[in-house]
Structures are given as structure tokens and as C-alpha cells.
Amino acid sequence: MHATPDLPPPDYDQLKLLLDGSESMSVGEAMGAFVAVHSMPSPIPAARWLPVVLRERGPADVPKTTLSALLDLYQIVGAQLEDDGMVVPEADDPRAVKAFCTGYAAILGLDTSWIAAPKLAEFHVTMQALGDETVFSHPELETREKRAWLADARRDLGKLLEDVYFVNRGRRPGSAQPIPLKVERNAPCPCGSGRKFKKCCGAA
């Protein structure tokens with residue numbers, strides 16, 4: 001399993017300005033959100049997931065350099081999944097796991113059609129429980145058993161996410177070459193603005 005990919009300091013500085021956990025997701029929540037976006041069975045365009053990460057703000061409300069840093073993180077997470085394996089927080093850091101799962105579960109809300117199968121429905125419950133223990137769905141368990149269940153779920157999170165990625169994408173994370181990160185200047189901007197990349201985020 002792998003932790004947060006390294007980012008160049010200027011990009012990370014921009015992300016810290018944007019991903020503060022109040023007006024937008026935190027960095028940890030965004031990491032979970034991006035793993036979820038890359039794990040979906042059908043592509044989710046940036047125009048749909050950006051308002052979730054930015055908490056209803058649009059690309060026009062964010063400085064271009066900051067938005068570019070966010071898209072860089074999105075691409076880095078996707079490349080790491082393709083090339084190196086699953087991106088997950090450390091199991092012994094419950095706060096990091098909670099943030100990650102909160103972001104992941106938020107993206108799940110954009111497309112719940114594929115989680116109807118019993119195994120995947122239980123996966124959805126697990127992600128919700130790790131993100132918010134108040135929605136824990138095992139009321140028959142005693143408090144001590146709940147704590148043990150949650151600890152086991154945090155420990156097994158990486159394997160669980162890999163299984164879902166495999167079901168939806170048809171291959172294990174890290175089993176394919178990374179997708180090229182370069183966006184052609186005349187291609188539509190990945191932020192979903194409808195403008196060409198060179199006249200939008202590529203002009204930053």
C-alpha cells in the first residue's frame with residue numbers, strides 16, 4: 001500500500017490554500033475522493049466531482065493555479081494506482097482513515113448503481129462506517145466489538161479497495177502502465193469548463 005504521492009512544494013502550497021476542510025474537502029478527504037473517482041466502473045467527468053471536492057464551488061470560484069494543483073493531485077493519484085498500487089492512509093491513524101473514507105463515500109454518492117450486489121453493498125456500509133462512526137450499521141455488536149470491527153476494517157481497507165478497483169476496472173492497481181499525464185493544449189480542459197486546455201487551466 002502507498003501513502004500520499006509526493007507533490008512539488010509549489011503545488012502542495014496551493015493545495016493547502018484550497019483544501020482546508022471547511023470551504024472544501026481536506027487533503028485527506030480529497031485523496032479518498034480521487035481514489036474513488038479512479039475506481040468507478042464508468043468515468044466520472046471533472047465537472048461532476050469538482051463540486052463535491054470544492055463543496056459546491058465551481059472552477060470559476062478558484063484561482064487557476066490552485067485549480068491546476070488540484071488537477072495535478074487527481075492525475076498523480078490515478079497514475080499511482082495504475083503504476084504502483086492502492087493509495088491508502090496508515091491503518092493506525094483513525095483520523096486519516098476517517099477523512100479518506102469520508103471523501104471516498106462522497107464520490108460513491110454520485111453513482112450508487114454498481115453497489116447493489118450484496119458484497120459491494122456491504123463495502124459501501126464499511127466506507128460509511130469508517131468515515132462516520134455514528135452511522136455504524138452493526139447495532140447488535142457491543143461497544144468493544146464495534147471498536148474491534150472498526151480496527152479490522154481500517155487494517156483491511158487497502159485490500160477492500162483493491163478488490164473494488166479490480167471488480168470495476170478488471171485489473172489490480174499497479175498492474176498496468178500509468179496513463180500519460182500530459183493534456184494536449186487544444187484538448188478540452190479536464191476541469192470541465194468547456195474551454196480548450198490552453199485557454200483555461202493550461203494558461204495558468
# chains A, B, ... in the order shown; residues from 1 in each chain; ligands from 1

call {"tool": "residues_around", "arguments": {"residues": "Pro43 of chain A", "least_positions_apart": "2", "cutoff": "12 Å", "atoms": "only C-alpha atoms", "output": "compact mmCIF listing (two decimals) with N, CA and C atoms, in the first residue's frame"}}
result
# COMPACT_ATOMS: atom_id res chain seq x y z
N PHE A 34 -10.44 11.06 -4.83
CA PHE A 34 -9.78 10.79 -6.11
C PHE A 34 -9.56 9.29 -6.32
N ALA A 36 -11.63 7.09 -5.27
CA ALA A 36 -12.98 6.66 -5.65
C ALA A 36 -13.27 6.98 -7.11
N VAL A 37 -12.94 8.19 -7.54
CA VAL A 37 -13.20 8.57 -8.94
C VAL A 37 -12.49 7.61 -9.89
N HIS A 38 -11.23 7.30 -9.58
CA HIS A 38 -10.46 6.41 -10.45
C HIS A 38 -10.90 4.96 -10.33
N SER A 39 -11.70 4.62 -9.30
CA SER A 39 -12.14 3.24 -9.09
C SER A 39 -13.54 2.98 -9.63
N MET A 40 -14.22 4.00 -10.09
CA MET A 40 -15.59 3.83 -10.57
C MET A 40 -15.64 2.99 -11.85
N PRO A 41 -16.71 2.24 -12.07
CA PRO A 41 -16.80 1.42 -13.29
C PRO A 41 -16.94 2.25 -14.55
N PRO A 45 -16.80 12.61 -15.05
CA PRO A 45 -16.09 13.81 -15.52
C PRO A 45 -15.81 14.77 -14.37
N ALA A 46 -14.76 15.57 -14.55
CA ALA A 46 -14.37 16.53 -13.52
C ALA A 46 -15.50 17.50 -13.19
N ALA A 47 -16.34 17.78 -14.17
CA ALA A 47 -17.45 18.71 -13.93
C ALA A 47 -18.41 18.18 -12.87
N ARG A 48 -18.41 16.86 -12.64
CA ARG A 48 -19.29 16.27 -11.62
C ARG A 48 -18.59 16.14 -10.27
N TRP A 49 -17.29 15.75 -10.27
CA TRP A 49 -16.65 15.54 -8.97
C TRP A 49 -16.05 16.82 -8.39
N ILE A 107 -17.92 10.54 -3.10
CA ILE A 107 -17.92 10.24 -4.53
C ILE A 107 -18.84 9.06 -4.84
N LEU A 110 -22.26 9.77 -6.08
CA LEU A 110 -22.50 10.20 -7.46
C LEU A 110 -22.96 9.05 -8.36
N ASP A 111 -22.66 7.82 -7.96
CA ASP A 111 -23.04 6.66 -8.77
C ASP A 111 -23.17 5.45 -7.86
N ASN A 168 -14.35 -3.27 -10.72
CA ASN A 168 -14.81 -2.20 -11.61
C ASN A 168 -13.91 -1.98 -12.81
N ARG A 169 -12.61 -2.17 -12.63
CA ARG A 169 -11.66 -1.86 -13.71
C ARG A 169 -11.12 -3.10 -14.40

call {"tool": "closest_residue", "arguments": {"among": "A:Leu81, A:Ala106, A:Val97, A:Cys200", "to": "Pro59 of chain A", "atoms": "only C-alpha atoms"}}
result
A:Cys200

call {"tool": "closest_residue", "arguments": {"among": "A:Val62, A:Glu122, A:Glu29, A:Asp83", "to": "Ala96 of chain A", "atoms": "only C-alpha atoms"}}
result
A:Glu29

call {"tool": "residues_around", "arguments": {"residues": "Arg57 of chain A", "least_positions_apart": "5", "cutoff": "9 Å", "atoms": "only C-alpha atoms", "output": "PyMOL selection string"}}
result
chain A and resi 23-24+50-52+62

call {"tool": "write_last_selection", "arguments": {"atoms": "N, CA and C atoms", "output": "short mmCIF file (atom, residue, chain, number, x, y, z; two decimals), in the first residue's frame"}}
result
data_model
loop_
_atom_site.label_atom_id
_atom_site.label_comp_id
_atom_site.auth_asym_id
_atom_site.auth_seq_id
_atom_site.Cartn_x
_atom_site.Cartn_y
_atom_site.Cartn_z
N GLU A 23 -14.29 25.18 3.61
CA GLU A 23 -15.00 25.53 2.38
C GLU A 23 -14.79 24.49 1.28
N SER A 24 -13.93 23.55 1.53
CA SER A 24 -13.70 22.46 0.59
C SER A 24 -13.34 21.22 1.40
N LEU A 50 -15.76 17.81 -9.24
CA LEU A 50 -15.18 19.05 -8.70
C LEU A 50 -16.11 19.74 -7.68
N PRO A 51 -17.44 19.86 -7.95
CA PRO A 51 -18.30 20.49 -6.95
C PRO A 51 -18.36 19.71 -5.63
N VAL A 52 -18.14 18.38 -5.70
CA VAL A 52 -18.12 17.59 -4.47
C VAL A 52 -16.87 17.91 -3.66
N VAL A 62 -12.28 29.46 -8.08
CA VAL A 62 -10.97 29.05 -7.58
C VAL A 62 -9.89 29.59 -8.49
#

call {"tool": "closest_residue", "arguments": {"among": "A:Gln80, A:Thr102, A:Ser42, A:Gln75", "to": "Ala30 of chain A", "atoms": "only C-alpha atoms"}}
result
A:Thr102

call {"tool": "closest_residue", "arguments": {"among": "A:Gly85, A:Gly28, A:Gly109, A:Gly78", "to": "Glu162 of chain A", "atoms": "only C-alpha atoms"}}
result
A:Gly85

call {"tool": "residues_around", "arguments": {"residues": "Met25 of chain A", "least_positions_apart": "5", "cutoff": "8 Å", "atoms": "only C-alpha atoms", "output": "tab-separated table (two decimals) with C-alpha atoms, in the first residue's frame"}}
result
chain	number	residue	atom	x	y	z
A	19	LEU	CA	-8.15	22.05	0.69
A	20	ASP	CA	-8.70	23.40	4.19
A	30	ALA	CA	-9.66	14.69	-1.49
A	53	VAL	CA	-14.46	18.22	-3.64
A	54	LEU	CA	-14.94	22.01	-3.66
A	55	ARG	CA	-18.27	21.72	-1.77
A	103	GLY	CA	-14.06	11.67	0.70

call {"tool": "atom_distance", "arguments": {"atom1": "atom CA of Val88 of chain A", "atom2": "atom CA of Arg155 of chain A"}}
result
10.3 Å

call {"tool": "select_by_dssp", "arguments": {"residues": "segment 3-84 of chain A", "states": "alpha helix (DSSP H)", "output": "NGL selection string"}}
result
:A and (9-18 or 27-39 or 46-53 or 64-83)

call {"tool": "atom_distance", "arguments": {"atom1": "atom CA of Asp132 of chain A", "atom2": "atom CA of Leu71 of chain A"}}
result
26.7 Å

call {"tool": "decode", "arguments": {"residues": "segment 15-30 of chain A", "atoms": "all heavy atoms", "output": "JSON list (two decimals), in the first residue's frame"}}
result
[["chain", "number", "residue", "atom", "x", "y", "z"],
["A", 15, "LEU", "N", -2.44, 23.62, -2.78],
["A", 15, "LEU", "CA", -3.45, 22.71, -2.26],
["A", 15, "LEU", "C", -3.82, 23.05, -0.83],
["A", 15, "LEU", "O", -4.98, 22.97, -0.43],
["A", 15, "LEU", "CB", -2.96, 21.26, -2.35],
["A", 15, "LEU", "CG", -3.01, 20.63, -3.73],
["A", 15, "LEU", "CD1", -2.36, 19.25, -3.70],
["A", 15, "LEU", "CD2", -4.45, 20.51, -4.20],
["A", 16, "LYS", "N", -2.83, 23.42, -0.03],
["A", 16, "LYS", "CA", -3.11, 23.76, 1.37],
["A", 16, "LYS", "C", -4.00, 24.99, 1.46],
["A", 16, "LYS", "O", -4.81, 25.12, 2.38],
["A", 16, "LYS", "CB", -1.81, 23.97, 2.14],
["A", 16, "LYS", "CG", -1.08, 22.68, 2.47],
["A", 16, "LYS", "CD", 0.01, 22.88, 3.49],
["A", 16, "LYS", "CE", 1.14, 23.75, 2.96],
["A", 16, "LYS", "NZ", 2.26, 23.86, 3.91],
["A", 17, "LEU", "N", -3.86, 25.90, 0.49],
["A", 17, "LEU", "CA", -4.73, 27.08, 0.46],
["A", 17, "LEU", "C", -6.16, 26.71, 0.12],
["A", 17, "LEU", "O", -7.11, 27.33, 0.60],
["A", 17, "LEU", "CB", -4.21, 28.09, -0.57],
["A", 17, "LEU", "CG", -2.88, 28.78, -0.26],
["A", 17, "LEU", "CD1", -2.44, 29.64, -1.44],
["A", 17, "LEU", "CD2", -3.00, 29.63, 1.01],
["A", 18, "LEU", "N", -6.32, 25.70, -0.72],
["A", 18, "LEU", "CA", -7.65, 25.32, -1.20],
["A", 18, "LEU", "C", -8.31, 24.27, -0.31],
["A", 18, "LEU", "O", -9.46, 24.42, 0.11],
["A", 18, "LEU", "CB", -7.55, 24.77, -2.62],
["A", 18, "LEU", "CG", -8.84, 24.21, -3.23],
["A", 18, "LEU", "CD1", -9.88, 25.31, -3.35],
["A", 18, "LEU", "CD2", -8.55, 23.58, -4.58],
["A", 19, "LEU", "N", -7.57, 23.20, -0.01],
["A", 19, "LEU", "CA", -8.15, 22.05, 0.69],
["A", 19, "LEU", "C", -7.98, 22.22, 2.19],
["A", 19, "LEU", "O", -7.13, 21.60, 2.82],
["A", 19, "LEU", "CB", -7.49, 20.76, 0.20],
["A", 19, "LEU", "CG", -7.64, 20.48, -1.30],
["A", 19, "LEU", "CD1", -6.87, 19.23, -1.70],
["A", 19, "LEU", "CD2", -9.10, 20.35, -1.69],
["A", 20, "ASP", "N", -8.82, 23.07, 2.77],
["A", 20, "ASP", "CA", -8.70, 23.40, 4.19],
["A", 20, "ASP", "C", -9.70, 22.66, 5.06],
["A", 20, "ASP", "O", -9.68, 22.79, 6.28],
["A", 20, "ASP", "CB", -8.86, 24.90, 4.39],
["A", 20, "ASP", "CG", -10.22, 25.42, 3.91],
["A", 20, "ASP", "OD1", -11.04, 24.60, 3.49],
["A", 20, "ASP", "OD2", -10.44, 26.64, 3.98],
["A", 21, "GLY", "N", -10.61, 21.87, 4.45],
["A", 21, "GLY", "CA", -11.56, 21.11, 5.22],
["A", 21, "GLY", "C", -12.77, 21.90, 5.68],
["A", 21, "GLY", "O", -13.65, 21.36, 6.35],
["A", 22, "SER", "N", -12.85, 23.18, 5.33],
["A", 22, "SER", "CA", -14.03, 23.97, 5.72],
["A", 22, "SER", "C", -14.84, 24.33, 4.47],
["A", 22, "SER", "O", -15.94, 23.81, 4.28],
["A", 22, "SER", "CB", -13.61, 25.23, 6.48],
["A", 22, "SER", "OG", -12.73, 26.03, 5.70],
["A", 23, "GLU", "N", -14.29, 25.18, 3.61],
["A", 23, "GLU", "CA", -15.00, 25.53, 2.38],
["A", 23, "GLU", "C", -14.79, 24.49, 1.28],
["A", 23, "GLU", "O", -15.40, 24.56, 0.23],
["A", 23, "GLU", "CB", -14.53, 26.90, 1.88],
["A", 23, "GLU", "CG", -14.96, 28.04, 2.78],
["A", 23, "GLU", "CD", -14.65, 29.39, 2.18],
["A", 23, "GLU", "OE1", -13.91, 29.44, 1.18],
["A", 23, "GLU", "OE2", -15.16, 30.40, 2.70],
["A", 24, "SER", "N", -13.93, 23.55, 1.53],
["A", 24, "SER", "CA", -13.70, 22.46, 0.59],
["A", 24, "SER", "C", -13.34, 21.22, 1.40],
["A", 24, "SER", "O", -13.28, 21.26, 2.63],
["A", 24, "SER", "CB", -12.54, 22.81, -0.35],
["A", 24, "SER", "OG", -11.32, 22.84, 0.38],
["A", 25, "MET", "N", -13.13, 20.11, 0.71],
["A", 25, "MET", "CA", -12.61, 18.94, 1.39],
["A", 25, "MET", "C", -11.22, 19.23, 1.94],
["A", 25, "MET", "O", -10.54, 20.15, 1.49],
["A", 25, "MET", "CB", -12.52, 17.74, 0.42],
["A", 25, "MET", "CG", -13.84, 17.10, 0.08],
["A", 25, "MET", "SD", -13.57, 15.61, -0.93],
["A", 25, "MET", "CE", -15.23, 14.97, -1.01],
["A", 26, "SER", "N", -10.78, 18.42, 2.90],
["A", 26, "SER", "CA", -9.39, 18.45, 3.34],
["A", 26, "SER", "C", -8.54, 17.67, 2.34],
["A", 26, "SER", "O", -9.08, 16.99, 1.45],
["A", 26, "SER", "CB", -9.25, 17.83, 4.73],
["A", 26, "SER", "OG", -9.55, 16.44, 4.66],
["A", 27, "VAL", "N", -7.23, 17.74, 2.48],
["A", 27, "VAL", "CA", -6.35, 16.97, 1.59],
["A", 27, "VAL", "C", -6.65, 15.48, 1.72],
["A", 27, "VAL", "O", -6.75, 14.76, 0.72],
["A", 27, "VAL", "CB", -4.86, 17.25, 1.89],
["A", 27, "VAL", "CG1", -3.96, 16.34, 1.08],
["A", 27, "VAL", "CG2", -4.51, 18.71, 1.60],
["A", 28, "GLY", "N", -6.82, 15.00, 2.95],
["A", 28, "GLY", "CA", -7.11, 13.58, 3.17],
["A", 28, "GLY", "C", -8.42, 13.15, 2.54],
["A", 28, "GLY", "O", -8.52, 12.07, 1.95],
["A", 29, "GLU", "N", -9.44, 14.00, 2.66],
["A", 29, "GLU", "CA", -10.74, 13.70, 2.02],
["A", 29, "GLU", "C", -10.60, 13.69, 0.51],
["A", 29, "GLU", "O", -11.19, 12.83, -0.17],
["A", 29, "GLU", "CB", -11.77, 14.73, 2.46],
["A", 29, "GLU", "CG", -12.20, 14.59, 3.91],
["A", 29, "GLU", "CD", -13.05, 15.75, 4.38],
["A", 29, "GLU", "OE1", -12.96, 16.85, 3.80],
["A", 29, "GLU", "OE2", -13.82, 15.56, 5.34],
["A", 30, "ALA", "N", -9.85, 14.64, -0.04],
["A", 30, "ALA", "CA", -9.66, 14.69, -1.49],
["A", 30, "ALA", "C", -8.93, 13.46, -2.00],
["A", 30, "ALA", "O", -9.25, 12.94, -3.08],
["A", 30, "ALA", "CB", -8.90, 15.96, -1.88]]
